[in-house]
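Visitor: Supplied in structure tokens, the structure appears directly below.
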Amino acid sequence: MNVEQVDLYHIRIPLVAPFETSFGVTTERESIIARIIADGVVGWGECVADQDPGYCYETVGTAWHIITDFLIPRLFSAPLDTPRHVPERFRWVRGHQMAKATLESALWDIAAQQAGVSLREYIGGVRDRVVVGVSIGIQPSTEQLVERVLGFREIGYGRIKIKIKPGRDLADARAVRAAIPGVPLMVDANSAYTLNDAGLFKQMEDLDLLMIEQPLSNDDIYEHSKLQKQLTTPICLDESIHSAADARFAIELGSCRIINIKQGRVGGLTNAIAVHDACAEHSIPVWCGGMLETGIGRALNVALATLPNFKLPGDLSASNRYYNPDLIDPAFEFNSDGTLSVPTAPGLGVNVVLERLEKVTLRKALLSAKSRLHLLANRSG
Ligand code: OSB
Ligand code: MG
């Protein structure tokens, strides 16, 4: 694979509805879309970093810097045999998993197209539909939360996840459980609590939660093992897991019984597959997390979620739950059996609507291997 050109689009796209977590509210999502040309084939990637460092240290700004100044020169420096070699090529750059994953995605898209198969087939995915759930942000009141949950149940979402934060936890979870008895339900704290809050999580034990996602610090694995020992409800780690080594460490310590895999958080699809395999070896089920992706990032997630150890519904809702319109056409539609269909066309298998992409673009960089030409276009707003 000879990388010839990389176009970067810094976008800002309005969400259909605000999304509130313990670390803030998002009404418009900023992201970087990468369009790579290698051997004359076009591939796409989406950066999952947020505009601010509330979820993790990476932001759209740090990713732009790392991608343009350090990662792209490493792609231009020599051909690549396979996208599986991308983590090694980028290893010199410490961390910055989301920046790395953005470019790796586009290379997987290209490699699968060159093989003439969908990305799902290319990575050995075992299903053509993936079971999905919905992640519902904190609402202005518990009553509004219950109303929203019931709305998604009506559409057919089979697994409900609610966000919690101190002051909006037990009462919200109890009210939702009372409204949907028997429906798979989980909570996501996004690192908002400490071990001193163990009592709160014990009070949630009788709610029959599927799991409690990332209750403690974003950089902790040890204290989660202490909390898990006090609970029968499984803990699921999200923020704390950046690699297969982290996953093995967490499993060995007993810090969680489930792992959320976000390909961006672990540095790309190659590492995501390694985390998947490490969990499978230890009989730890995984599910595919989301970061409010447009259809471009969603397509990658959906392909990833077809691997055999993705045993639980992913945070992979239909396009219309996030953006209207999405950047792709056709959009991801919700199937009445609670699934999304996996694209079957070669590569990621989605059509990016260039006019829509341009319309939400704030700044653009066009980098070419030949001329090392670096054209920057900025637009305010
Ligand atoms: O913790 O899973 C999370 C969105 C942004 C940042 C972090 C998280 C989330 C979600 C949304 O829960 C999942 C989705 O894309 O639907
Ligand atoms: Mg989470």
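Scheme for the structure tokens: letters A, B, ... for chains in order shown; per-chain residue numbers from 1; ligand numbers from 1 in order shown.
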List every residue of region 242-355 of chain A that DSSP, applied to the backbone of this structure, places in strand (DSSP E or B), and write the result as number ranges by chain.

Guide: A: 258-261, 286-288, 310, 314, 328, 335, 339-341, 347, 352

Visitor: Restrict the selected residues to all heavy atoms and save them as a tab-separated table (two decimals), in the first residue's frame.

Guide:
chain	number	residue	atom	x	y	z
A	258	ILE	N	-16.52	-7.60	32.15
A	258	ILE	CA	-16.93	-7.27	30.78
A	258	ILE	C	-16.02	-6.12	30.32
A	258	ILE	O	-15.62	-5.29	31.15
A	258	ILE	CB	-18.41	-6.80	30.74
A	258	ILE	CG1	-19.35	-7.92	31.22
A	258	ILE	CG2	-18.81	-6.31	29.35
A	258	ILE	CD1	-20.79	-7.48	31.45
A	259	ILE	N	-15.72	-6.07	29.02
A	259	ILE	CA	-14.95	-4.93	28.51
A	259	ILE	C	-15.65	-4.31	27.31
A	259	ILE	O	-16.18	-5.01	26.43
A	259	ILE	CB	-13.48	-5.33	28.18
A	259	ILE	CG1	-12.72	-5.51	29.51
A	259	ILE	CG2	-12.79	-4.28	27.29
A	259	ILE	CD1	-11.26	-5.93	29.37
A	260	ASN	N	-15.70	-2.97	27.33
A	260	ASN	CA	-16.23	-2.17	26.22
A	260	ASN	C	-15.04	-1.88	25.29
A	260	ASN	O	-14.03	-1.33	25.75
A	260	ASN	CB	-16.83	-0.88	26.83
A	260	ASN	CG	-17.00	0.26	25.83
A	260	ASN	OD1	-16.31	0.34	24.80
A	260	ASN	ND2	-17.88	1.20	26.14
A	261	ILE	N	-15.16	-2.28	24.03
A	261	ILE	CA	-14.09	-2.00	23.08
A	261	ILE	C	-14.50	-0.83	22.17
A	261	ILE	O	-15.54	-0.88	21.51
A	261	ILE	CB	-13.74	-3.22	22.20
A	261	ILE	CG1	-13.27	-4.38	23.09
A	261	ILE	CG2	-12.65	-2.87	21.18
A	261	ILE	CD1	-12.84	-5.63	22.32
A	286	VAL	N	-17.20	-9.10	25.36
A	286	VAL	CA	-16.99	-7.68	25.02
A	286	VAL	C	-18.19	-7.15	24.26
A	286	VAL	O	-19.03	-7.91	23.78
A	286	VAL	CB	-15.71	-7.47	24.18
A	286	VAL	CG1	-14.49	-8.01	24.91
A	286	VAL	CG2	-15.83	-8.09	22.79
A	287	TRP	N	-18.28	-5.83	24.18
A	287	TRP	CA	-19.29	-5.19	23.33
A	287	TRP	C	-18.66	-3.94	22.74
A	287	TRP	O	-17.64	-3.45	23.23
A	287	TRP	CB	-20.57	-4.89	24.10
A	287	TRP	CG	-20.42	-4.07	25.35
A	287	TRP	CD1	-20.04	-4.53	26.59
A	287	TRP	CD2	-20.66	-2.66	25.49
A	287	TRP	NE1	-20.03	-3.48	27.49
A	287	TRP	CE2	-20.40	-2.33	26.85
A	287	TRP	CE3	-21.07	-1.66	24.62
A	287	TRP	CZ2	-20.54	-1.03	27.33
A	287	TRP	CZ3	-21.21	-0.36	25.12
A	287	TRP	CH2	-20.95	-0.07	26.46
A	288	CYS	N	-19.28	-3.44	21.68
A	288	CYS	CA	-18.70	-2.33	20.94
A	288	CYS	C	-19.22	-1.00	21.46
A	288	CYS	O	-20.42	-0.74	21.40
A	288	CYS	CB	-19.01	-2.48	19.45
A	288	CYS	SG	-18.16	-1.26	18.44
A	310	PHE	N	-18.03	-10.55	20.52
A	310	PHE	CA	-18.94	-9.42	20.80
A	310	PHE	C	-20.28	-10.05	21.17
A	310	PHE	O	-21.12	-10.31	20.32
A	310	PHE	CB	-19.03	-8.47	19.60
A	310	PHE	CG	-17.85	-7.53	19.53
A	310	PHE	CD1	-16.66	-7.94	18.95
A	310	PHE	CD2	-17.92	-6.26	20.08
A	310	PHE	CE1	-15.55	-7.09	18.91
A	310	PHE	CE2	-16.81	-5.41	20.05
A	310	PHE	CZ	-15.63	-5.83	19.46
A	314	GLY	N	-24.12	-3.53	21.33
A	314	GLY	CA	-23.21	-2.40	21.28
A	314	GLY	C	-23.93	-1.07	21.39
A	314	GLY	O	-25.15	-0.98	21.24
A	328	ILE	N	-23.35	9.98	5.58
A	328	ILE	CA	-23.39	8.89	4.59
A	328	ILE	C	-24.82	8.71	4.06
A	328	ILE	O	-25.79	9.06	4.73
A	328	ILE	CB	-22.92	7.55	5.18
A	328	ILE	CG1	-23.77	7.16	6.41
A	328	ILE	CG2	-21.44	7.62	5.55
A	328	ILE	CD1	-23.68	5.71	6.79
A	335	ASN	N	-33.19	-2.00	12.33
A	335	ASN	CA	-34.04	-3.12	11.95
A	335	ASN	C	-34.98	-3.47	13.10
A	335	ASN	O	-34.59	-3.37	14.27
A	335	ASN	CB	-33.20	-4.36	11.61
A	335	ASN	CG	-32.24	-4.11	10.45
A	335	ASN	OD1	-32.61	-3.46	9.47
A	335	ASN	ND2	-31.03	-4.62	10.55
A	339	THR	N	-31.48	-4.73	15.52
A	339	THR	CA	-30.12	-4.81	14.96
A	339	THR	C	-29.86	-3.71	13.95
A	339	THR	O	-30.78	-3.02	13.51
A	339	THR	CB	-29.92	-6.15	14.22
A	339	THR	OG1	-30.79	-6.18	13.07
A	339	THR	CG2	-30.20	-7.35	15.11
A	340	LEU	N	-28.58	-3.55	13.60
A	340	LEU	CA	-28.18	-2.80	12.42
A	340	LEU	C	-27.62	-3.82	11.43
A	340	LEU	O	-26.95	-4.78	11.84
A	340	LEU	CB	-27.09	-1.76	12.73
A	340	LEU	CG	-27.41	-0.58	13.65
A	340	LEU	CD1	-26.21	0.39	13.67
A	340	LEU	CD2	-28.67	0.15	13.24
A	341	SER	N	-27.86	-3.61	10.14
A	341	SER	CA	-27.30	-4.49	9.12
A	341	SER	C	-25.86	-4.09	8.85
A	341	SER	O	-25.53	-2.90	8.82
A	341	SER	CB	-28.11	-4.39	7.83
A	341	SER	OG	-29.43	-4.82	8.07
A	347	GLY	N	-14.89	-2.84	1.45
A	347	GLY	CA	-14.37	-1.86	2.40
A	347	GLY	C	-15.38	-1.54	3.48
A	347	GLY	O	-16.17	-2.40	3.88
A	352	VAL	N	-19.95	8.25	1.35
A	352	VAL	CA	-19.84	9.55	2.02
A	352	VAL	C	-20.37	10.62	1.05
A	352	VAL	O	-19.98	10.65	-0.11
A	352	VAL	CB	-18.37	9.84	2.39
A	352	VAL	CG1	-18.24	11.20	3.04
A	352	VAL	CG2	-17.83	8.73	3.31

Visitor: Taking the DSSP assignment computed from this structure's backbone, write out as a PyMOL selection string all residues of region 93-341 of chain A that belong to alpha helix (DSSP H).

Guide: chain A and resi 97-115+119-123+142-155+170-179+198-203+222-229+244-253+269-281+295-304

Visitor: Which residues sit within 8 Å of ligand 1, counting only C-alpha atoms and all ligand atoms, listed as a PDB file with N, CA and C atoms, in the first residue's frame?

Guide:
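Listing of selection17.pdb after writing:
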ATOM      1  N   PHE A  19     -26.457  15.621  24.290  1.00  0.00           N
ATOM      2  CA  PHE A  19     -26.051  14.387  24.959  1.00  0.00           C
ATOM      3  C   PHE A  19     -25.259  14.755  26.199  1.00  0.00           C
ATOM      4  N   THR A  21     -23.330  13.747  29.761  1.00  0.00           N
ATOM      5  CA  THR A  21     -22.678  12.702  30.547  1.00  0.00           C
ATOM      6  C   THR A  21     -22.166  13.344  31.830  1.00  0.00           C
ATOM      7  N   ASP A  50     -13.143  14.019  21.316  1.00  0.00           N
ATOM      8  CA  ASP A  50     -14.110  15.113  21.473  1.00  0.00           C
ATOM      9  C   ASP A  50     -13.416  16.455  21.304  1.00  0.00           C
ATOM     10  N   TYR A  55     -13.501  13.312  28.363  1.00  0.00           N
ATOM     11  CA  TYR A  55     -13.554  11.836  28.361  1.00  0.00           C
ATOM     12  C   TYR A  55     -12.150  11.262  28.529  1.00  0.00           C
ATOM     13  N   VAL A 134     -29.067   1.410  23.044  1.00  0.00           N
ATOM     14  CA  VAL A 134     -29.026   2.863  22.947  1.00  0.00           C
ATOM     15  C   VAL A 134     -28.467   3.426  24.249  1.00  0.00           C
ATOM     16  N   SER A 135     -27.600   4.443  24.108  1.00  0.00           N
ATOM     17  CA  SER A 135     -27.001   5.103  25.253  1.00  0.00           C
ATOM     18  C   SER A 135     -27.708   6.436  25.430  1.00  0.00           C
ATOM     19  N   ILE A 136     -28.386   6.597  26.549  1.00  0.00           N
ATOM     20  CA  ILE A 136     -29.215   7.785  26.766  1.00  0.00           C
ATOM     21  C   ILE A 136     -28.538   8.699  27.781  1.00  0.00           C
ATOM     22  N   GLY A 137     -28.357   9.940  27.396  1.00  0.00           N
ATOM     23  CA  GLY A 137     -27.693  10.911  28.251  1.00  0.00           C
ATOM     24  C   GLY A 137     -28.558  11.312  29.437  1.00  0.00           C
ATOM     25  N   LYS A 161     -29.025   1.864  28.019  1.00  0.00           N
ATOM     26  CA  LYS A 161     -27.944   2.321  28.909  1.00  0.00           C
ATOM     27  C   LYS A 161     -28.259   3.757  29.291  1.00  0.00           C
ATOM     28  N   LYS A 163     -26.800   7.231  31.396  1.00  0.00           N
ATOM     29  CA  LYS A 163     -25.628   7.876  31.978  1.00  0.00           C
ATOM     30  C   LYS A 163     -25.986   8.306  33.397  1.00  0.00           C
ATOM     31  N   ASP A 188     -23.760   3.957  33.015  1.00  0.00           N
ATOM     32  CA  ASP A 188     -22.385   4.350  32.663  1.00  0.00           C
ATOM     33  C   ASP A 188     -22.040   5.617  33.433  1.00  0.00           C
ATOM     34  N   ALA A 189     -21.016   5.527  34.301  1.00  0.00           N
ATOM     35  CA  ALA A 189     -20.664   6.644  35.185  1.00  0.00           C
ATOM     36  C   ALA A 189     -19.564   7.530  34.609  1.00  0.00           C
ATOM     37  N   ASN A 190     -18.901   7.071  33.547  1.00  0.00           N
ATOM     38  CA  ASN A 190     -17.796   7.844  32.970  1.00  0.00           C
ATOM     39  C   ASN A 190     -16.852   8.392  34.041  1.00  0.00           C
ATOM     40  N   GLU A 213     -20.801   0.499  34.089  1.00  0.00           N
ATOM     41  CA  GLU A 213     -19.672   0.857  33.220  1.00  0.00           C
ATOM     42  C   GLU A 213     -18.835   1.969  33.848  1.00  0.00           C
ATOM     43  N   GLN A 214     -17.525   1.733  33.903  1.00  0.00           N
ATOM     44  CA  GLN A 214     -16.517   2.700  34.336  1.00  0.00           C
ATOM     45  C   GLN A 214     -16.963   3.576  35.508  1.00  0.00           C
ATOM     46  N   ASP A 238     -14.322   0.865  30.393  1.00  0.00           N
ATOM     47  CA  ASP A 238     -14.300   1.603  29.121  1.00  0.00           C
ATOM     48  C   ASP A 238     -13.007   2.417  29.125  1.00  0.00           C
ATOM     49  N   GLU A 239     -13.031   3.617  29.744  1.00  0.00           N
ATOM     50  CA  GLU A 239     -11.913   4.561  29.722  1.00  0.00           C
ATOM     51  C   GLU A 239     -10.558   3.949  30.097  1.00  0.00           C
ATOM     52  N   GLY A 289     -18.322  -0.186  21.987  1.00  0.00           N
ATOM     53  CA  GLY A 289     -18.707   1.131  22.479  1.00  0.00           C
ATOM     54  C   GLY A 289     -18.814   2.120  21.333  1.00  0.00           C
ATOM     55  N   GLY A 290     -19.395   3.270  21.608  1.00  0.00           N
ATOM     56  CA  GLY A 290     -19.539   4.312  20.589  1.00  0.00           C
ATOM     57  C   GLY A 290     -19.108   5.647  21.139  1.00  0.00           C
ATOM     58  N   MET A 291     -18.817   6.581  20.242  1.00  0.00           N
ATOM     59  CA  MET A 291     -18.426   7.941  20.632  1.00  0.00           C
ATOM     60  C   MET A 291     -19.215   8.936  19.775  1.00  0.00           C
ATOM     61  N   LEU A 292     -20.513   8.651  19.580  1.00  0.00           N
ATOM     62  CA  LEU A 292     -21.370   9.539  18.795  1.00  0.00           C
ATOM     63  C   LEU A 292     -20.836   9.718  17.365  1.00  0.00           C
ATOM     64  N   GLU A 293     -20.318   8.648  16.794  1.00  0.00           N
ATOM     65  CA  GLU A 293     -19.739   8.719  15.455  1.00  0.00           C
ATOM     66  C   GLU A 293     -20.783   9.057  14.383  1.00  0.00           C
ATOM     67  N   ASP A 315     -23.154  -0.001  21.685  1.00  0.00           N
ATOM     68  CA  ASP A 315     -23.686   1.372  21.633  1.00  0.00           C
ATOM     69  C   ASP A 315     -23.649   1.821  20.180  1.00  0.00           C
ATOM     70  N   LEU A 316     -24.452   1.174  19.350  1.00  0.00           N
ATOM     71  CA  LEU A 316     -24.398   1.401  17.899  1.00  0.00           C
ATOM     72  C   LEU A 316     -25.806   1.662  17.398  1.00  0.00           C
ATOM     73  N   SER A 317     -26.326   2.831  17.706  1.00  0.00           N
ATOM     74  CA  SER A 317     -27.704   3.094  17.314  1.00  0.00           C
ATOM     75  C   SER A 317     -27.771   3.555  15.860  1.00  0.00           C
ATOM     76  N   TYR A 322     -28.539  10.214  16.039  1.00  0.00           N
ATOM     77  CA  TYR A 322     -27.430  11.150  16.221  1.00  0.00           C
ATOM     78  C   TYR A 322     -27.505  12.372  15.304  1.00  0.00           C
TER      79      TYR A 322
END

Visitor: For ligand 2, which of A:Val176, A:Leu300, A:Leu237, A:Ala274 is the closest residue, counting only C-alpha atoms and all ligand atoms?

Guide: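 Using only C-alpha atoms and all ligand atoms, the shortest distance to ligand 2 belongs to A:Leu237.
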
Visitor: Just how far from CA of Ala299 (chain A) is CA of Leu107 (chain A), in Å to one decimal?

Guide: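 Between CA of Leu107 (chain A) and CA of Ala299 (chain A) the gap works out to 13.9 Å.
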
Visitor: So that I can check the surroundings of Arg12 (chain A), please list as a list in words every protein, DNA and RNA residue that reaches within 10 Å of it, counting only C-alpha atoms and ignoring chain neighbours fewer than 2 positions away.

Guide: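 In the requested format, the answer is Tyr9, His10, Pro14, Leu15, Glu28, Arg29, Glu30, Ser31, Ile32, Gln51, Leu357, Lys359, Val360, Thr361, Leu362, Arg363 and Gly381 of chain A.
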
Visitor: Taking only C-alpha atoms and all ligand atoms into account, which of A:Asn2, A:Asn196, A:Ser240, A:Thr142 comes nearest ligand 2?

Guide: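 Using only C-alpha atoms and all ligand atoms, ligand 2 sits closest to A:Ser240.
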
Visitor: Please identify all polymer residues within 7 Å of Gly156 (chain A), counting only C-alpha atoms, omitting same-chain residues fewer than 3 positions from it, and present them as a list in words.

Guide: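 With the cut-off at 7 Å, the set is Phe152, Arg153, Ser336 and Gly338 of chain A.
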
Visitor: So which residues touch Ala63 (chain A) within 12 Å, counting only C-alpha atoms, skipping near sequence neighbours fewer than 2 positions away, as an MDAnalysis selection string?

Guide: chainID A and resid 8:10 30:34 46:53 57:61 65:72 93 95:103 264 267

Visitor: I need the residue nearest ligand 2 from this list: A:Arg257, A:Arg265, A:Lys370, A:Arg159. Use only C-alpha atoms and all ligand atoms for the distance.

Guide: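 Checking each candidate against ligand 2, we get A:Arg265 as the closest.
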
Visitor: Can you work out which one of A:Pro215, A:Pro83, A:Tyr157, A:Thr232 has the shortest atom-to-atom distance to ligand 2, counting only C-alpha atoms and all ligand atoms?

Guide: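 Closest residue, counting only C-alpha atoms and all ligand atoms: A:Pro215.
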
Visitor: CA of Pro330 (chain A) and CA of Val350 (chain A) are how many Å apart?

Guide: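 Computing it gives 7.5 Å between the two atoms.
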
Visitor: Report the distance between CA of Leu216 (chain A) and CA of Val25 (chain A) in Å, rounded to one decimal place.

Guide: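 Distance reported for this atom pair: 19.8 Å.
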